[in-house]
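A.B. asks: So here's input15.txt (compact mmCIF, C-alpha atoms).
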# COMPACT_ATOMS: atom_id res chain seq x y z
CA MET F 1 -129.23 -17.65 -41.48
CA THR F 2 -125.99 -15.68 -41.76
CA SER F 3 -124.39 -15.68 -38.32
CA ILE F 4 -121.29 -16.15 -36.24
CA GLY F 5 -121.63 -18.69 -33.49
CA GLY F 6 -125.42 -18.50 -33.76
CA VAL F 7 -125.42 -14.66 -33.63
CA GLU F 8 -126.67 -12.88 -36.77
CA MET F 9 -124.58 -10.03 -38.09
CA VAL F 10 -127.76 -7.97 -38.49
CA ASP F 11 -130.40 -8.31 -35.81
CA TRP F 12 -133.37 -8.22 -38.19
CA ASN F 13 -135.98 -8.47 -35.44
CA LEU F 14 -134.42 -5.46 -33.74
CA ALA F 15 -134.46 -3.60 -37.06
CA VAL F 16 -138.22 -4.19 -37.35
CA ALA F 17 -138.83 -3.22 -33.72
CA THR F 18 -136.75 -0.05 -34.02
CA ALA F 19 -138.36 1.07 -37.28
CA THR F 20 -141.85 0.37 -35.96
CA ARG F 21 -141.12 2.31 -32.79
CA PHE F 22 -139.78 5.43 -34.50
CA VAL F 23 -141.93 5.58 -37.64
CA ARG F 24 -144.22 8.58 -37.73
CA PRO F 25 -147.90 7.95 -37.10
CA GLY F 26 -150.13 8.08 -40.16
CA PRO F 27 -152.90 10.59 -40.80
CA GLU F 28 -155.96 10.37 -38.60
CA VAL F 29 -158.85 8.43 -40.12
CA SER F 30 -161.80 6.67 -38.56
CA ARG F 31 -162.11 2.90 -38.65
CA ASP F 32 -164.86 3.14 -41.27
CA GLU F 33 -162.77 5.52 -43.37
CA ALA F 34 -159.82 3.14 -43.18
CA ARG F 35 -161.94 0.21 -44.39
CA ALA F 36 -163.28 2.30 -47.27
CA ILE F 37 -159.79 3.44 -48.30
CA VAL F 38 -158.45 -0.13 -48.31
CA ALA F 39 -161.42 -1.34 -50.35
CA GLU F 40 -161.03 1.48 -52.87
CA LEU F 41 -157.31 0.86 -53.32
CA ARG F 42 -158.00 -2.81 -54.00
CA ARG F 43 -160.63 -1.89 -56.59
CA HIS F 44 -158.25 0.55 -58.26
CA ALA F 45 -155.46 -2.03 -58.32
CA LYS F 46 -157.81 -4.46 -60.05
CA SER F 47 -159.12 -1.97 -62.60
CA SER F 48 -155.57 -0.78 -63.32
CA GLU F 49 -154.68 -4.20 -64.76
CA GLU F 50 -156.92 -3.70 -67.81
CA HIS F 51 -155.92 -0.06 -68.28
CA VAL F 52 -152.19 -0.86 -68.20
CA ARG F 53 -152.51 -3.95 -70.38
CA GLY F 54 -154.48 -2.06 -73.02
CA PHE F 55 -152.10 0.88 -73.13
CA THR F 56 -148.78 -1.02 -73.04
CA ARG F 57 -149.89 -4.03 -75.17
CA MET F 58 -147.80 -6.20 -72.88
CA ALA F 59 -148.98 -9.78 -72.41
CA GLN F 60 -147.61 -12.78 -70.58
CA PRO F 61 -146.44 -15.39 -73.11
CA GLY F 62 -149.13 -18.03 -73.54
CA ALA F 63 -151.77 -16.10 -71.61
CA GLU F 64 -155.26 -16.56 -73.02
CA GLY F 65 -156.49 -13.62 -75.06
CA GLY F 66 -153.22 -11.75 -74.60
CA ALA F 67 -153.91 -11.17 -70.93
CA VAL F 68 -151.32 -10.78 -68.24
CA SER F 69 -151.91 -13.53 -65.70
CA HIS F 70 -151.06 -12.25 -62.22
CA ASP F 71 -150.52 -14.53 -59.28
CA THR F 72 -148.69 -11.83 -57.34
CA PRO F 73 -150.95 -10.52 -54.58
CA VAL F 74 -151.91 -6.90 -53.97
CA LEU F 75 -151.41 -6.02 -50.30
CA VAL F 76 -152.73 -2.79 -48.82
CA VAL F 77 -150.47 -2.20 -45.81
CA ASP F 78 -149.77 0.33 -43.09
CA ARG F 79 -146.30 1.68 -42.32
CA PRO F 80 -145.29 -1.18 -39.98
CA GLY F 81 -146.47 -3.65 -42.64
CA TRP F 82 -144.22 -1.97 -45.22
CA ILE F 83 -141.33 -2.19 -42.75
CA ARG F 84 -141.80 -5.93 -42.15
CA ALA F 85 -142.04 -6.62 -45.87
CA ASN F 86 -138.89 -4.69 -46.70
CA VAL F 87 -136.83 -6.20 -43.89
CA ALA F 88 -137.75 -9.62 -45.31
CA GLY F 89 -136.67 -8.47 -48.77
CA PHE F 90 -133.38 -6.97 -47.53
CA ARG F 91 -132.65 -10.13 -45.61
CA ALA F 92 -133.04 -12.25 -48.73
CA VAL F 93 -131.12 -10.01 -51.13
CA LEU F 94 -128.25 -9.14 -48.78
CA LYS F 95 -127.65 -12.69 -47.57
CA PRO F 96 -124.58 -13.31 -49.79
CA LEU F 97 -122.98 -9.99 -48.84
CA LEU F 98 -123.55 -10.53 -45.12
CA ALA F 99 -122.16 -14.06 -45.33
CA LYS F 100 -119.02 -12.68 -46.96
CA MET F 101 -118.64 -9.98 -44.32
CA GLU F 102 -119.20 -12.49 -41.53
CA ASP F 103 -116.54 -14.81 -42.90
CA ARG F 104 -114.11 -11.93 -42.63
CA ARG F 105 -115.22 -11.07 -39.11
CA SER F 106 -115.05 -14.71 -37.94
CA SER F 107 -111.32 -14.78 -38.69
CA THR F 108 -110.75 -11.74 -36.48
CA PRO F 109 -109.85 -12.25 -32.80
CA GLY F 110 -112.95 -11.56 -30.73
CA GLY F 111 -115.10 -11.75 -33.85
CA ALA F 112 -117.96 -13.55 -32.11
CA VAL F 113 -118.26 -10.80 -29.50
CA LEU F 114 -118.06 -8.11 -32.17
CA GLY F 115 -120.71 -9.97 -34.12
CA ALA F 116 -123.13 -9.97 -31.21
CA VAL F 117 -122.65 -6.27 -30.52
CA GLY F 118 -122.47 -5.26 -34.18
CA GLY F 119 -125.60 -7.19 -35.06
CA LYS F 120 -127.66 -5.23 -32.58
CA VAL F 121 -126.12 -1.89 -33.50
CA THR F 122 -126.63 -2.52 -37.20
CA GLY F 123 -130.21 -3.62 -36.53
CA VAL F 124 -130.90 -0.32 -34.78
CA GLU F 125 -129.26 1.73 -37.54
CA LEU F 126 -131.16 -0.11 -40.28
CA GLY F 127 -134.37 0.32 -38.32
CA MET F 128 -133.81 4.08 -38.14
CA LEU F 129 -133.38 4.26 -41.91
CA LEU F 130 -136.52 2.22 -42.51
CA SER F 131 -138.50 4.42 -40.13
CA PHE F 132 -137.60 7.37 -42.35
CA LEU F 133 -138.51 5.66 -45.60
CA ALA F 134 -141.71 4.03 -44.32
CA SER F 135 -143.57 7.33 -44.22
CA ARG F 136 -142.61 8.27 -47.79
CA VAL F 137 -143.25 5.26 -50.04
CA LEU F 138 -146.68 5.26 -51.71
CA GLY F 139 -146.45 1.86 -53.35
CA GLN F 140 -143.89 -0.74 -54.27
CA TYR F 141 -143.61 -3.88 -56.36
CA GLU F 142 -141.40 -6.20 -54.33
CA THR F 143 -139.57 -8.30 -56.87
CA PHE F 144 -137.68 -10.64 -54.55
CA ALA F 145 -140.05 -10.84 -51.62
CA PRO F 146 -140.17 -14.15 -49.75
CA ALA F 147 -143.63 -15.28 -48.70
CA SER F 148 -144.70 -15.34 -45.08
CA ARG F 149 -147.93 -16.03 -43.23
CA ASP F 150 -149.03 -12.39 -43.10
CA LEU F 151 -147.22 -11.27 -46.26
CA PRO F 152 -147.96 -13.68 -49.13
CA ALA F 153 -146.07 -13.60 -52.41
CA GLY F 154 -146.49 -15.07 -55.88
CA THR F 155 -145.18 -18.46 -56.95
CA GLN F 156 -142.09 -16.82 -58.43
CA GLY F 157 -141.82 -14.33 -55.59
CA GLY F 158 -143.08 -10.78 -55.72
CA ARG F 159 -146.02 -8.82 -54.34
CA LEU F 160 -147.53 -5.40 -54.86
CA LEU F 161 -147.66 -3.16 -51.80
CA LEU F 162 -149.87 -0.08 -51.48
CA VAL F 163 -149.08 1.95 -48.35
CA ALA F 164 -152.50 3.36 -47.47
CA PRO F 165 -151.53 5.97 -44.82
CA ASN F 166 -148.88 7.48 -47.09
CA ILE F 167 -151.27 7.73 -50.02
CA VAL F 168 -153.83 9.48 -47.81
CA HIS F 169 -151.15 11.78 -46.36
CA VAL F 170 -149.94 12.91 -49.80
CA GLU F 171 -153.41 13.37 -51.31
CA ARG F 172 -154.28 15.63 -48.37
CA GLU F 173 -150.98 17.48 -48.57
CA LEU F 174 -151.43 18.14 -52.29
CA ASP F 175 -155.13 18.89 -51.88
CA VAL F 176 -156.15 16.70 -54.83
CA ALA F 177 -159.19 14.51 -55.44
CA PRO F 178 -158.67 11.32 -53.37
CA HIS F 179 -160.38 8.99 -55.87
CA ASP F 180 -158.25 10.29 -58.75
CA PHE F 181 -154.98 10.25 -56.81
CA ARG F 182 -155.47 6.70 -55.55
CA LEU F 183 -156.13 5.41 -59.06
CA TRP F 184 -153.17 7.37 -60.41
CA VAL F 185 -150.83 5.74 -57.87
CA CYS F 186 -152.25 2.29 -58.64
CA LEU F 187 -151.61 2.78 -62.38
CA HIS F 188 -147.91 3.37 -61.67
CA GLU F 189 -147.52 0.36 -59.39
CA GLU F 190 -149.60 -1.93 -61.62
CA THR F 191 -147.26 -1.10 -64.48
CA HIS F 192 -144.38 -2.55 -62.45
CA ARG F 193 -146.37 -5.69 -61.75
CA THR F 194 -147.14 -6.01 -65.47
CA GLN F 195 -143.49 -5.53 -66.40
CA PHE F 196 -142.40 -8.54 -64.36
CA SER F 197 -145.42 -10.70 -65.20
CA ALA F 198 -145.16 -10.12 -68.96
CA VAL F 199 -141.35 -10.40 -69.14
CA PRO F 200 -140.45 -13.72 -67.45
CA TRP F 201 -136.67 -13.29 -67.72
CA LEU F 202 -136.61 -9.82 -66.16
CA ARG F 203 -136.63 -10.87 -62.51
CA ASP F 204 -133.78 -13.38 -62.91
CA HIS F 205 -131.77 -10.87 -64.92
CA ILE F 206 -132.01 -8.16 -62.28
CA GLU F 207 -131.35 -10.61 -59.46
CA GLY F 208 -128.26 -11.85 -61.29
CA GLU F 209 -126.94 -8.31 -61.69
CA ILE F 210 -127.55 -7.54 -58.01
CA GLN F 211 -125.81 -10.70 -56.86
CA SER F 212 -122.87 -9.98 -59.17
CA PHE F 213 -122.67 -6.51 -57.66
CA LEU F 214 -122.70 -7.90 -54.13
CA ALA F 215 -120.16 -10.61 -54.98
CA GLU F 216 -117.71 -7.86 -56.00
CA THR F 217 -118.24 -5.95 -52.76
CA ASP F 218 -115.18 -5.78 -50.54
CA ILE F 219 -116.21 -3.53 -47.69
CA ASP F 220 -115.17 -3.73 -44.09
CA PRO F 221 -118.13 -4.28 -41.76
CA GLY F 222 -117.07 -1.27 -39.71
CA THR F 223 -117.21 0.99 -42.77
CA LEU F 224 -120.73 -0.10 -43.61
CA LEU F 225 -121.77 0.37 -39.99
CA GLU F 226 -120.30 3.87 -40.00
CA ARG F 227 -122.38 4.81 -43.07
CA LEU F 228 -125.52 3.54 -41.34
CA ARG F 229 -124.60 5.50 -38.23
CA GLU F 230 -124.15 8.69 -40.27
CA ALA F 231 -127.61 8.20 -41.73
CA ALA F 232 -129.12 7.71 -38.29
CA GLN F 233 -127.31 10.80 -36.99
CA SER F 234 -128.77 12.81 -39.84
CA LEU F 235 -132.20 11.52 -38.90
CA ALA F 236 -131.70 12.62 -35.33
CA GLY F 237 -130.24 15.98 -36.36
CA ALA F 238 -126.95 15.14 -34.65
CA ARG F 239 -124.76 16.57 -37.43
CA PRO F 240 -124.23 20.33 -37.00
CA GLU F 241 -126.13 22.46 -39.51
CA GLY F 242 -123.01 23.97 -41.04
CA GLU F 243 -120.99 20.78 -41.28
CA GLU F 244 -120.44 19.33 -44.72
CA GLY F 245 -118.65 16.20 -45.83
CA GLU F 246 -119.66 12.55 -45.74
CA GLU F 247 -123.40 13.27 -45.57
CA SER F 248 -123.26 14.11 -49.28
CA ARG F 249 -122.09 10.60 -50.15
CA SER F 250 -124.48 7.86 -51.07
CA LEU F 251 -124.33 4.50 -49.29
CA VAL F 252 -123.81 3.02 -52.75
CA ASP F 253 -120.65 5.07 -53.26
CA VAL F 254 -118.66 3.19 -50.63
CA VAL F 255 -119.11 -0.28 -52.14
CA GLN F 256 -118.08 0.32 -55.74
CA THR F 257 -115.12 -1.28 -57.47
CA PRO F 258 -114.49 -0.70 -61.20
CA VAL F 259 -116.40 -3.91 -61.97
CA GLN F 260 -119.22 -2.79 -59.71
CA ARG F 261 -119.44 0.55 -61.50
CA GLU F 262 -120.09 -1.32 -64.74
CA ILE F 263 -122.76 -3.45 -63.10
CA LEU F 264 -124.28 -0.40 -61.41
CA GLY F 265 -124.43 1.35 -64.78
CA ARG F 266 -126.49 -1.52 -66.19
CA LEU F 267 -128.72 -1.62 -63.11
CA THR F 268 -129.23 2.14 -63.27
CA ALA F 269 -130.28 1.84 -66.91
CA VAL F 270 -132.82 -0.92 -66.31
CA MET F 271 -134.24 0.80 -63.23
CA SER F 272 -134.54 4.05 -65.19
CA LEU F 273 -136.39 2.12 -67.87
CA LEU F 274 -138.80 0.50 -65.40
CA GLU F 275 -139.51 3.69 -63.45
CA GLY F 276 -139.75 5.87 -66.53
CA HIS F 277 -142.04 3.37 -68.24
CA ALA F 278 -144.33 3.37 -65.20
CA ASP F 279 -144.47 7.18 -65.19
CA TYR F 280 -145.14 7.24 -68.94
CA VAL F 281 -147.95 4.69 -68.64
CA MET F 282 -149.43 6.44 -65.62
CA ASP F 283 -149.64 9.72 -67.55
CA GLY F 284 -150.70 8.03 -70.79
CA VAL F 285 -153.65 6.21 -69.23
CA GLY F 286 -154.42 9.05 -66.86
CA PRO F 287 -156.35 11.46 -69.10
CA GLU F 288 -158.94 8.80 -69.94
CA VAL F 289 -159.61 7.54 -66.41
CA VAL F 290 -158.25 10.21 -64.02
CA PRO F 291 -160.07 13.51 -64.69
CA SER F 292 -157.67 15.65 -62.65
CA VAL F 293 -154.45 13.99 -63.83
CA ALA F 294 -152.86 17.24 -65.04
CA GLU F 295 -153.32 18.89 -61.64
CA ILE F 296 -152.07 15.80 -59.82
CA ARG F 297 -148.95 15.51 -61.98
CA GLU F 298 -148.06 19.19 -61.62
CA LYS F 299 -148.43 19.19 -57.84
CA PHE F 300 -146.71 15.82 -57.41
CA GLN F 301 -143.73 16.84 -59.52
CA LYS F 302 -143.23 19.96 -57.40
CA ARG F 303 -143.41 17.86 -54.24
CA ARG F 304 -141.04 15.23 -55.64
CA ALA F 305 -138.45 17.85 -56.54
CA SER F 306 -138.61 20.05 -53.46
CA GLY F 307 -138.08 17.68 -50.52
CA ALA F 308 -138.93 18.69 -46.97
CA GLY F 309 -135.85 20.77 -46.15
CA ARG F 310 -132.16 20.35 -45.40
CA LEU F 311 -132.52 17.18 -43.36
CA ASP F 312 -134.59 15.49 -46.04
CA GLN F 313 -132.15 16.57 -48.75
CA ALA F 314 -129.16 15.22 -46.80
CA LEU F 315 -130.87 11.87 -46.39
CA ARG F 316 -131.81 11.76 -50.05
CA LYS F 317 -128.14 12.14 -50.96
CA LEU F 318 -126.95 9.63 -48.38
CA LEU F 319 -129.47 6.97 -49.42
CA GLY F 320 -129.06 7.60 -53.14
CA LEU F 321 -132.65 8.83 -53.50
CA ASP F 322 -131.52 11.75 -55.66
CA ALA F 323 -130.42 9.18 -58.20
CA LYS F 324 -133.85 7.55 -58.07
CA LEU F 325 -135.53 10.86 -58.85
CA ARG F 326 -133.29 11.23 -61.89
CA GLN F 327 -134.30 7.73 -62.95
CA TYR F 328 -137.95 8.75 -63.12
CA ARG F 329 -137.14 11.80 -65.23
CA ASP F 330 -134.54 10.28 -67.56
CA GLY F 331 -136.42 7.02 -67.99
CA GLU F 332 -139.71 8.72 -68.85
CA ARG F 333 -137.92 10.88 -71.42
CA PHE F 334 -136.37 7.75 -72.98
CA VAL F 335 -139.70 5.91 -73.23
CA ARG F 336 -141.54 8.92 -74.62
CA SER F 337 -138.86 9.57 -77.25
CA VAL F 338 -138.77 5.96 -78.41
CA VAL F 339 -142.56 5.62 -78.58
CA GLU F 340 -142.79 8.85 -80.60
CA GLU F 341 -140.27 7.49 -83.10
CA VAL F 342 -141.21 3.81 -83.45
CA GLY F 343 -144.58 3.44 -81.70
CA MET F 344 -145.56 1.34 -78.70
CA ASP F 345 -144.97 -2.00 -80.45
CA GLY F 346 -141.56 -0.76 -81.53
CA PHE F 347 -140.75 0.31 -78.00
CA ASN F 348 -141.82 -3.11 -76.68
CA ARG F 349 -138.81 -4.65 -78.40
CA VAL F 350 -137.01 -3.47 -75.28
CA TRP F 351 -138.50 -6.50 -73.48
CA THR F 352 -137.14 -9.07 -75.97
CA SER F 353 -134.00 -10.06 -74.02
CA PRO F 354 -131.30 -8.56 -71.79
CA ASN F 355 -129.47 -7.58 -75.00
CA THR F 356 -132.29 -5.23 -76.02
CA LEU F 357 -132.37 -3.35 -72.73
CA PRO F 358 -131.00 0.19 -73.07
CA THR F 359 -127.55 1.01 -71.78
CA LYS F 360 -127.02 3.92 -69.41
CA GLN F 361 -125.73 5.93 -72.38
CA GLU F 362 -128.79 5.03 -74.47
CA ILE F 363 -131.15 6.17 -71.72
CA ALA F 364 -129.64 9.63 -72.28
CA LYS F 365 -129.66 9.22 -76.10
CA PRO F 366 -132.80 7.25 -77.12
CA ALA F 367 -131.94 7.55 -80.81
CA ASP F 368 -128.88 5.38 -80.21
CA TRP F 369 -131.09 2.60 -78.80
CA VAL F 370 -133.42 2.85 -81.80
CA ALA F 371 -130.43 2.66 -84.14
CA ARG F 372 -128.99 -0.38 -82.36
CA VAL F 373 -132.16 -2.39 -81.82
CA HIS F 374 -134.39 -1.38 -84.73
CA ARG F 375 -132.34 -0.38 -87.70
CA LYS F 376 -129.85 -3.23 -87.38
CA ALA F 377 -132.63 -5.74 -86.69
CA ASP F 378 -134.56 -4.45 -89.71
CA GLY F 379 -131.52 -4.75 -91.95
CA ALA F 380 -130.77 -1.05 -92.24
CA PRO F 381 -127.13 -0.15 -92.83
As structure tokens, what does this structure read like?
C.D. replies:
Amino acid sequence: MTSIGGVEMVDWNLAVATATRFVRPGPEVSRDEARAIVAELRRHAKSSEEHVRGFTRMAQPGAEGGAVSHDTPVLVVDRPGWIRANVAGFRAVLKPLLAKMEDRRSSTPGGAVLGAVGGKVTGVELGMLLSFLASRVLGQYETFAPASRDLPAGTQGGRLLLVAPNIVHVERELDVAPHDFRLWVCLHEETHRTQFSAVPWLRDHIEGEIQSFLAETDIDPGTLLERLREAAQSLAGARPEGEEGEESRSLVDVVQTPVQREILGRLTAVMSLLEGHADYVMDGVGPEVVPSVAEIREKFQKRRASGAGRLDQALRKLLGLDAKLRQYRDGERFVRSVVEEVGMDGFNRVWTSPNTLPTKQEIAKPADWVARVHRKADGAP
């Protein structure tokens, strides 16, 4: 526990309570409908394993018959369940950063009192952000999730979350076939689970990059709190409509040193790869098993690009979600270009080691990655 005098810098329980209180209610379904939706999502998650494995040709080393052996659970959750899972993940990943910030605060006169007050305020602000996100995420592979009684995880950490009310909300909003849309979503999320199951070093590599990024962070606790407050004010509509300025900055922008920018470039590249690969697989498998995949993709892309208005766009910028949308697009283009040039087995060289991951520049220029990884490895001049 990261705390000052027994008081945590972030009141995590308050964050959960705040997010749960303010999260929007899900779509109306009967109890029988809810049971049927949960059962169908679990079936689709299971069937997606074979589809993804066959298309990607990714296998866990040593797995019998080339199979990917999953011990990471699939959890179909509601919005409060997603909130609890993500608070647990944030708490684990941010522990070194919070410890560093608390060391600084403990040396300040009155630091213990500030810690008590700040912990509650930060918990509320974080809860407000999570309440916004909890109604938008369809699914998520939690790479660093710690296990708990109601939220199990695999032996190496990790679990696959499918947020049932959000999936139902979007399929209704888009007016697409529910069976097809649910399978389509599961194909994307199952690809992420396969990535980490078939590439044992990937989790440790990403965790190492994140911790290096956090170790370089030198941000005053008050500055971070102010960014969270700005996000919450945007949620509440407190910022005047015509006022511009800090709302256009991402939370990530305020914690970057030159070293961090290098690390963030590498993280951006690997996340673009993972997201783009999942989109590519989802669309590659789709035509064979999802009859209405073309309609779903067209409508979903329009929804993904449009946002829900000025408030939603401001929050996307503040939280860095615009960058995530670019990752889907740029990463999918990279994967598609490489597969077209060297085939799926040639593309899978990307999973050989951290050295074969694409750089941020190579994501934009796939031919450069092919030249570096393939032609040099094959002895070409």
A.B. asks: Determine, counting only C-alpha atoms, which protein, DNA and RNA residues have an atom within 8 Å of an atom of Val270 of chain F; residues of the same chain fewer than 5 positions away are not included. Present the result as a list in words.
C.D. replies: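 Near Val270 of chain F, the qualifying residues are Leu357, Pro358 and Thr359 of chain F.
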A.B. asks: Do a neighbour search on Ala215 of chain F at 7 Å with all atoms listed in the file, toss out local chain neighbours closer than 3 positions, and write the hits as a PyMOL selection string.
C.D. replies: chain F and resi 97+211-212
A.B. asks: Residues within 10 Å of Ser337 of chain F, please, as a list in words. Count all atoms listed in the file; anything in the same chain fewer than 4 positions from it doesn't count.
C.D. replies: Gly331, Glu332, Arg333, Glu341, Val342, Gly343, Phe347, Lys365, Pro366, Ala367 and Val370 of chain F
A.B. asks: Between atom CA of Leu138 of chain F and atom CA of Ala198 of chain F, what distance in Å does the model show, to one decimal?
C.D. replies: 23.2 Å
A.B. asks: Just want the 7 Å neighbourhood of Met344 of chain F, counted on all atoms listed in the file, with same-chain residues fewer than 4 positions away dropped. Output as a list in words.
C.D. replies: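 In the requested form, the answer reads Thr56, Val339 and Asn348 of chain F.
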A.B. asks: Please dump the current selection as a PDB file, keeping the file's coordinate frame; keep C-alpha atoms.
C.D. replies:
ATOM      1  CA  THR F  56    -148.780  -1.020 -73.040  1.00  0.00           C
ATOM      2  CA  VAL F 339    -142.560   5.620 -78.580  1.00  0.00           C
ATOM      3  CA  ASN F 348    -141.820  -3.110 -76.680  1.00  0.00           C
TER       4      ASN F 348
END
A.B. asks: For Ala39 of chain F, list every protein, DNA or RNA residue within 12 Å, evaluated using only C-alpha atoms, and leave out those in the same chain fewer than 4 positions away; present the list as a ChimeraX atom specification.
C.D. replies: /F:32-35,43-46,74-77,162,164,179,182
A.B. asks: Between atom CA of Ile206 of chain F and atom CA of Val350 of chain F, what is the spacing in Å?
C.D. replies: 14.7 Å
A.B. asks: Which of these residues is nearest to Pro146 of chain F, using only C-alpha atoms: F:Arg91, F:Trp351, F:Gly119, F:Ser30?
C.D. replies: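 Residue with the minimum atom-to-atom distance to Pro146 of chain F: F:Arg91.
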A.B. asks: With distances taken over all atoms listed in the file, which residue among F:Arg266, F:Lys302, F:Arg375, F:Lys360 lies nearest Gly208 of chain F?
C.D. replies: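 Residue with the minimum atom-to-atom distance to Gly208 of chain F: F:Arg266.
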A.B. asks: Which of these, F:Gly158, F:Glu102, F:Asn355, F:Asp175, has the shortest distance to His205 of chain F once you count only C-alpha atoms?
C.D. replies: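 Looking only at the distances to His205 of chain F, the closest residue turns out to be F:Asn355.
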A.B. asks: Is it possible to get the axis-aligned box enclosing segment 349-359 of chain F (all listed atoms, 8 Å extra per side) as JSON, with centre and edge lengths in Å rounded to one decimal?
C.D. replies:
{"center_x": -133.2, "center_y": -4.5, "center_z": -75.1, "size_x": 27.3, "size_y": 27.1, "size_z": 22.6}
A.B. asks: Calculate how many Å separate atom CA of Pro200 of chain F from atom CA of Arg326 of chain F, rounding to one decimal.
C.D. replies: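 Interatomic distance, atom CA of Pro200 of chain F to atom CA of Arg326 of chain F: 26.5 Å.
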A.B. asks: So, counting only C-alpha atoms, which residue among F:Val124, F:Phe144, F:Ala134, F:Leu41 is closest to Asp204 of chain F?
C.D. replies: F:Phe144
A.B. asks: Could you check which of F:Glu216, F:Glu275, F:Glu298, F:Asp103 is closest to Glu262 of chain F, using only C-alpha atoms?
C.D. replies: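 Among the listed residues, the smallest separation from Glu262 of chain F belongs to F:Glu216.
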A.B. asks: Using all atoms listed in the file, list the residues that have an atom at most 10 Å from (-146.3, 4.3, -63.7), coordinates as in the file, as a list in words.
C.D. replies: Val52, Trp184, Val185, Cys186, Leu187, His188, Glu189, Glu190, Thr191, His192, Leu274, Glu275, Gly276, His277, Ala278, Asp279, Tyr280, Val281, Met282, Asp283, Gly284, Val285, Gly286, Tyr328 and Glu332 of chain F
A.B. asks: I'd like to know which of F:Arg159, F:Arg136, F:Lys120, F:His51 is closest to Ala85 of chain F, using all atoms listed in the file.
C.D. replies: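 Residue with the minimum atom-to-atom distance to Ala85 of chain F: F:Arg159.
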